[in-house]
Each structure stands twice: as C-alpha cells, then as structure tokens.
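S.K.: Quick one: the structure is below, and I'll ask about it shortly.
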Amino acid sequence: MNRYHNLTEMLAINRSAHAYFSQLPAHVRRMIIERGDCVHSQAELQGYAEQLMHQND
C-alpha cells in the first residue's frame, strides 16, 4: 500500500484515489479536505469517506 504525505499529494499522484474522491458527494469531499493532512493512503481515504457517509444515514 502506498503512503502519501497528505491528501493533496495522493490525489495528484494516484489516479485511482483521485477518481474515487471525485465521485464522492460534495459535502463528503469538503469534510475530507478539512482533514487532508490526516489522510495518507487510498484505504484511509475510502474508510474515512465510508464513515462520513454512514453518519448521514
């Protein structure tokens, strides 16, 4: 698993992570961006996104 410095770096390098991120609802993307320094892998991105989406259920 690749680890990145932060969300910005991961989205710039990892096309798969970028594609996943771009398909998330806007409010979820905003919340992830706010904590972007804490996201270091695609697995962390997906886990955090799932957690945020389930909070709204």
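By convention here, the chains of the structure tokens are called A, B, ... in the order presented, each chain's residues are numbered starting at 1, and ligands are numbered starting at 1 in the order presented.
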Leaving out A:His5 and any residue of its chain fewer than 4 positions from it, which residues lie within 10 Å of it when counting only C-alpha atoms, given as a ChimeraX atom specification?
M.R.: /A:9-10,36-41
S.K.: Could those selected residues go to a file with N, CA and C atoms, as a PDB file, in the first residue's frame?
M.R.:
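out_22.pdb, freshly written:
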ATOM      1  N   GLU A   9      -1.193  15.393  -2.046  1.00  0.00           N
ATOM      2  CA  GLU A   9      -0.163  14.636  -2.752  1.00  0.00           C
ATOM      3  C   GLU A   9      -0.752  13.350  -3.341  1.00  0.00           C
ATOM      4  N   MET A  10      -1.561  12.654  -2.561  1.00  0.00           N
ATOM      5  CA  MET A  10      -2.139  11.403  -3.039  1.00  0.00           C
ATOM      6  C   MET A  10      -3.016  11.641  -4.269  1.00  0.00           C
ATOM      7  N   GLY A  36      -7.358  16.715   5.424  1.00  0.00           N
ATOM      8  CA  GLY A  36      -6.469  16.179   4.404  1.00  0.00           C
ATOM      9  C   GLY A  36      -5.082  15.811   4.885  1.00  0.00           C
ATOM     10  N   ASP A  37      -4.590  16.492   5.915  1.00  0.00           N
ATOM     11  CA  ASP A  37      -3.262  16.175   6.437  1.00  0.00           C
ATOM     12  C   ASP A  37      -3.238  14.837   7.167  1.00  0.00           C
ATOM     13  N   CYS A  38      -4.413  14.293   7.467  1.00  0.00           N
ATOM     14  CA  CYS A  38      -4.509  13.023   8.193  1.00  0.00           C
ATOM     15  C   CYS A  38      -4.790  11.843   7.272  1.00  0.00           C
ATOM     16  N   VAL A  39      -4.891  12.096   5.974  1.00  0.00           N
ATOM     17  CA  VAL A  39      -5.190  11.032   5.004  1.00  0.00           C
ATOM     18  C   VAL A  39      -3.910  10.718   4.237  1.00  0.00           C
ATOM     19  N   HIS A  40      -3.402   9.482   4.416  1.00  0.00           N
ATOM     20  CA  HIS A  40      -2.104   9.123   3.858  1.00  0.00           C
ATOM     21  C   HIS A  40      -2.133   7.941   2.897  1.00  0.00           C
ATOM     22  N   SER A  41      -3.316   7.352   2.681  1.00  0.00           N
ATOM     23  CA  SER A  41      -3.408   6.219   1.763  1.00  0.00           C
ATOM     24  C   SER A  41      -4.814   6.157   1.181  1.00  0.00           C
TER      25      SER A  41
END
S.K.: Could you pull the residues within 12 Å of A:Arg29, counting only C-alpha atoms, minus those fewer than 4 positions along the same chain, as an mmCIF file with N, CA, C and O atoms, in the first residue's frame?
M.R.:
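As a result, out.cif now contains:
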data_model
loop_
_atom_site.group_PDB
_atom_site.id
_atom_site.type_symbol
_atom_site.label_atom_id
_atom_site.label_comp_id
_atom_site.auth_asym_id
_atom_site.auth_seq_id
_atom_site.Cartn_x
_atom_site.Cartn_y
_atom_site.Cartn_z
ATOM 1 N N LEU A 7 -3.438 14.272 1.648
ATOM 2 C CA LEU A 7 -4.466 14.056 0.632
ATOM 3 C C LEU A 7 -4.093 14.699 -0.704
ATOM 4 O O LEU A 7 -4.241 14.088 -1.758
ATOM 5 N N HIS A 18 -7.867 9.593 -6.965
ATOM 6 C CA HIS A 18 -8.473 10.820 -7.495
ATOM 7 C C HIS A 18 -9.853 10.524 -8.079
ATOM 8 O O HIS A 18 -10.810 11.267 -7.843
ATOM 9 N N TYR A 20 -11.866 8.038 -7.299
ATOM 10 C CA TYR A 20 -12.757 7.721 -6.183
ATOM 11 C C TYR A 20 -13.206 9.001 -5.488
ATOM 12 O O TYR A 20 -14.406 9.215 -5.256
ATOM 13 N N PHE A 21 -12.265 9.867 -5.170
ATOM 14 C CA PHE A 21 -12.552 11.112 -4.473
ATOM 15 C C PHE A 21 -13.515 11.983 -5.276
ATOM 16 O O PHE A 21 -14.455 12.551 -4.717
ATOM 17 N N SER A 22 -13.313 12.067 -6.570
ATOM 18 C CA SER A 22 -14.142 12.950 -7.401
ATOM 19 C C SER A 22 -15.590 12.466 -7.497
ATOM 20 O O SER A 22 -16.477 13.254 -7.816
ATOM 21 N N GLN A 23 -15.840 11.199 -7.207
ATOM 22 C CA GLN A 23 -17.197 10.661 -7.274
ATOM 23 C C GLN A 23 -17.941 10.767 -5.943
ATOM 24 O O GLN A 23 -19.144 10.474 -5.880
ATOM 25 N N LEU A 24 -17.260 11.198 -4.896
ATOM 26 C CA LEU A 24 -17.909 11.343 -3.597
ATOM 27 C C LEU A 24 -18.833 12.564 -3.606
ATOM 28 O O LEU A 24 -18.592 13.527 -4.343
ATOM 29 N N PRO A 25 -19.859 12.538 -2.767
ATOM 30 C CA PRO A 25 -20.712 13.735 -2.647
ATOM 31 C C PRO A 25 -19.893 14.938 -2.194
ATOM 32 O O PRO A 25 -18.906 14.800 -1.453
ATOM 33 N N ILE A 33 -11.329 17.073 2.845
ATOM 34 C CA ILE A 33 -10.322 18.109 2.588
ATOM 35 C C ILE A 33 -9.924 18.801 3.890
ATOM 36 O O ILE A 33 -8.744 19.098 4.103
ATOM 37 N N GLU A 34 -10.903 19.039 4.764
ATOM 38 C CA GLU A 34 -10.604 19.680 6.045
ATOM 39 C C GLU A 34 -9.608 18.874 6.873
ATOM 40 O O GLU A 34 -8.857 19.437 7.660
ATOM 41 N N ARG A 35 -9.597 17.563 6.704
ATOM 42 C CA ARG A 35 -8.682 16.699 7.455
ATOM 43 C C ARG A 35 -7.637 16.072 6.526
ATOM 44 O O ARG A 35 -7.094 15.024 6.818
ATOM 45 N N GLY A 36 -7.358 16.715 5.424
ATOM 46 C CA GLY A 36 -6.469 16.179 4.404
ATOM 47 C C GLY A 36 -5.082 15.811 4.885
ATOM 48 O O GLY A 36 -4.447 14.908 4.341
ATOM 49 N N LEU A 45 -8.507 6.991 2.861
ATOM 50 C CA LEU A 45 -9.477 7.834 2.174
ATOM 51 C C LEU A 45 -10.828 7.133 2.090
ATOM 52 O O LEU A 45 -11.865 7.701 2.437
ATOM 53 N N GLN A 46 -10.818 5.896 1.648
ATOM 54 C CA GLN A 46 -12.070 5.158 1.484
ATOM 55 C C GLN A 46 -12.737 4.889 2.830
ATOM 56 O O GLN A 46 -13.956 5.018 2.955
ATOM 57 N N TYR A 48 -12.477 6.650 5.619
ATOM 58 C CA TYR A 48 -12.989 7.912 6.145
ATOM 59 C C TYR A 48 -14.258 8.327 5.396
ATOM 60 O O TYR A 48 -15.240 8.740 6.005
ATOM 61 N N ALA A 49 -14.244 8.179 4.069
ATOM 62 C CA ALA A 49 -15.420 8.526 3.267
ATOM 63 C C ALA A 49 -16.615 7.661 3.661
ATOM 64 O O ALA A 49 -17.730 8.172 3.827
ATOM 65 N N GLU A 50 -16.399 6.377 3.829
ATOM 66 C CA GLU A 50 -17.490 5.482 4.232
ATOM 67 C C GLU A 50 -18.044 5.886 5.590
ATOM 68 O O GLU A 50 -19.257 5.917 5.799
ATOM 69 N N LEU A 52 -18.001 8.849 6.973
ATOM 70 C CA LEU A 52 -18.747 10.097 6.848
ATOM 71 C C LEU A 52 -20.100 9.881 6.191
ATOM 72 O O LEU A 52 -21.099 10.479 6.602
ATOM 73 N N MET A 53 -20.163 9.025 5.202
ATOM 74 C CA MET A 53 -21.430 8.788 4.508
ATOM 75 C C MET A 53 -22.414 8.050 5.406
ATOM 76 O O MET A 53 -23.611 8.297 5.350
#
S.K.: Could you write out, as number ranges by chain, all the residues of chain A that DSSP marks as helix (DSSP H, G or I)?
M.R.: A: 7-13, 15-22, 26-34, 36-38, 42-55
S.K.: Could you save those same residues with N, CA and C atoms as a short mmCIF file (atom, residue, chain, number, x, y, z; two decimals), in the first residue's frame?
M.R.:
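Generated output (out.cif):
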data_model
loop_
_atom_site.label_atom_id
_atom_site.label_comp_id
_atom_site.auth_asym_id
_atom_site.auth_seq_id
_atom_site.Cartn_x
_atom_site.Cartn_y
_atom_site.Cartn_z
N LEU A 7 -3.44 14.27 1.65
CA LEU A 7 -4.47 14.06 0.63
C LEU A 7 -4.09 14.70 -0.70
N THR A 8 -3.60 15.92 -0.65
CA THR A 8 -3.26 16.64 -1.88
C THR A 8 -2.23 15.88 -2.70
N GLU A 9 -1.19 15.39 -2.05
CA GLU A 9 -0.16 14.64 -2.75
C GLU A 9 -0.75 13.35 -3.34
N MET A 10 -1.56 12.65 -2.56
CA MET A 10 -2.14 11.40 -3.04
C MET A 10 -3.02 11.64 -4.27
N LEU A 11 -3.86 12.67 -4.23
CA LEU A 11 -4.74 12.92 -5.36
C LEU A 11 -3.98 13.35 -6.61
N ALA A 12 -2.83 13.99 -6.42
CA ALA A 12 -2.01 14.40 -7.56
C ALA A 12 -1.30 13.23 -8.21
N ILE A 13 -1.00 12.19 -7.44
CA ILE A 13 -0.19 11.08 -7.92
C ILE A 13 -1.03 9.85 -8.26
N ARG A 15 -4.13 8.09 -9.54
CA ARG A 15 -5.32 8.30 -10.38
C ARG A 15 -6.55 7.60 -9.83
N SER A 16 -6.36 6.43 -9.28
CA SER A 16 -7.47 5.67 -8.72
C SER A 16 -8.08 6.41 -7.53
N ALA A 17 -7.24 6.92 -6.65
CA ALA A 17 -7.73 7.68 -5.49
C ALA A 17 -8.42 8.95 -5.95
N HIS A 18 -7.87 9.59 -6.97
CA HIS A 18 -8.47 10.82 -7.50
C HIS A 18 -9.85 10.52 -8.08
N ALA A 19 -9.97 9.45 -8.83
CA ALA A 19 -11.26 9.07 -9.42
C ALA A 19 -12.28 8.77 -8.32
N TYR A 20 -11.87 8.04 -7.30
CA TYR A 20 -12.76 7.72 -6.18
C TYR A 20 -13.21 9.00 -5.49
N PHE A 21 -12.26 9.87 -5.17
CA PHE A 21 -12.55 11.11 -4.47
C PHE A 21 -13.51 11.98 -5.28
N SER A 22 -13.31 12.07 -6.57
CA SER A 22 -14.14 12.95 -7.40
C SER A 22 -15.59 12.47 -7.50
N ALA A 26 -20.30 16.12 -2.63
CA ALA A 26 -19.55 17.34 -2.35
C ALA A 26 -19.33 17.57 -0.86
N HIS A 27 -20.33 17.32 -0.04
CA HIS A 27 -20.18 17.57 1.40
C HIS A 27 -19.16 16.62 2.02
N VAL A 28 -19.07 15.40 1.50
CA VAL A 28 -18.08 14.44 2.00
C VAL A 28 -16.68 14.87 1.57
N ARG A 29 -16.54 15.31 0.32
CA ARG A 29 -15.24 15.81 -0.16
C ARG A 29 -14.76 16.98 0.69
N ARG A 30 -15.67 17.90 1.01
CA ARG A 30 -15.29 19.06 1.83
C ARG A 30 -14.78 18.62 3.20
N MET A 31 -15.47 17.68 3.81
CA MET A 31 -15.07 17.22 5.14
C MET A 31 -13.72 16.50 5.09
N ILE A 32 -13.48 15.75 4.03
CA ILE A 32 -12.20 15.05 3.87
C ILE A 32 -11.07 16.07 3.65
N ILE A 33 -11.33 17.07 2.85
CA ILE A 33 -10.32 18.11 2.59
C ILE A 33 -9.92 18.80 3.89
N GLU A 34 -10.90 19.04 4.76
CA GLU A 34 -10.60 19.68 6.04
C GLU A 34 -9.61 18.87 6.87
N GLY A 36 -7.36 16.72 5.42
CA GLY A 36 -6.47 16.18 4.40
C GLY A 36 -5.08 15.81 4.89
N ASP A 37 -4.59 16.49 5.91
CA ASP A 37 -3.26 16.18 6.44
C ASP A 37 -3.24 14.84 7.17
N CYS A 38 -4.41 14.29 7.47
CA CYS A 38 -4.51 13.02 8.19
C CYS A 38 -4.79 11.84 7.27
N GLN A 42 -4.95 5.42 0.11
CA GLN A 42 -6.26 5.27 -0.51
C GLN A 42 -7.20 4.51 0.44
N ALA A 43 -6.68 3.56 1.18
CA ALA A 43 -7.51 2.82 2.14
C ALA A 43 -8.03 3.77 3.22
N GLU A 44 -7.20 4.68 3.70
CA GLU A 44 -7.65 5.66 4.69
C GLU A 44 -8.71 6.57 4.10
N LEU A 45 -8.51 6.99 2.86
CA LEU A 45 -9.48 7.83 2.17
C LEU A 45 -10.83 7.13 2.09
N GLN A 46 -10.82 5.90 1.65
CA GLN A 46 -12.07 5.16 1.48
C GLN A 46 -12.74 4.89 2.83
N GLY A 47 -11.96 4.54 3.83
CA GLY A 47 -12.52 4.29 5.15
C GLY A 47 -13.15 5.54 5.74
N TYR A 48 -12.48 6.65 5.62
CA TYR A 48 -12.99 7.91 6.15
C TYR A 48 -14.26 8.33 5.40
N ALA A 49 -14.24 8.18 4.07
CA ALA A 49 -15.42 8.53 3.27
C ALA A 49 -16.62 7.66 3.66
N GLU A 50 -16.40 6.38 3.83
CA GLU A 50 -17.49 5.48 4.23
C GLU A 50 -18.04 5.89 5.59
N GLN A 51 -17.16 6.20 6.50
CA GLN A 51 -17.57 6.62 7.84
C GLN A 51 -18.43 7.88 7.76
N LEU A 52 -18.00 8.85 6.97
CA LEU A 52 -18.75 10.10 6.85
C LEU A 52 -20.10 9.88 6.19
N MET A 53 -20.16 9.02 5.20
CA MET A 53 -21.43 8.79 4.51
C MET A 53 -22.41 8.05 5.41
N HIS A 54 -21.93 7.15 6.27
CA HIS A 54 -22.82 6.42 7.16
C HIS A 54 -23.31 7.28 8.31
N GLN A 55 -22.59 8.33 8.64
CA GLN A 55 -23.03 9.26 9.69
C GLN A 55 -24.31 9.97 9.27
#
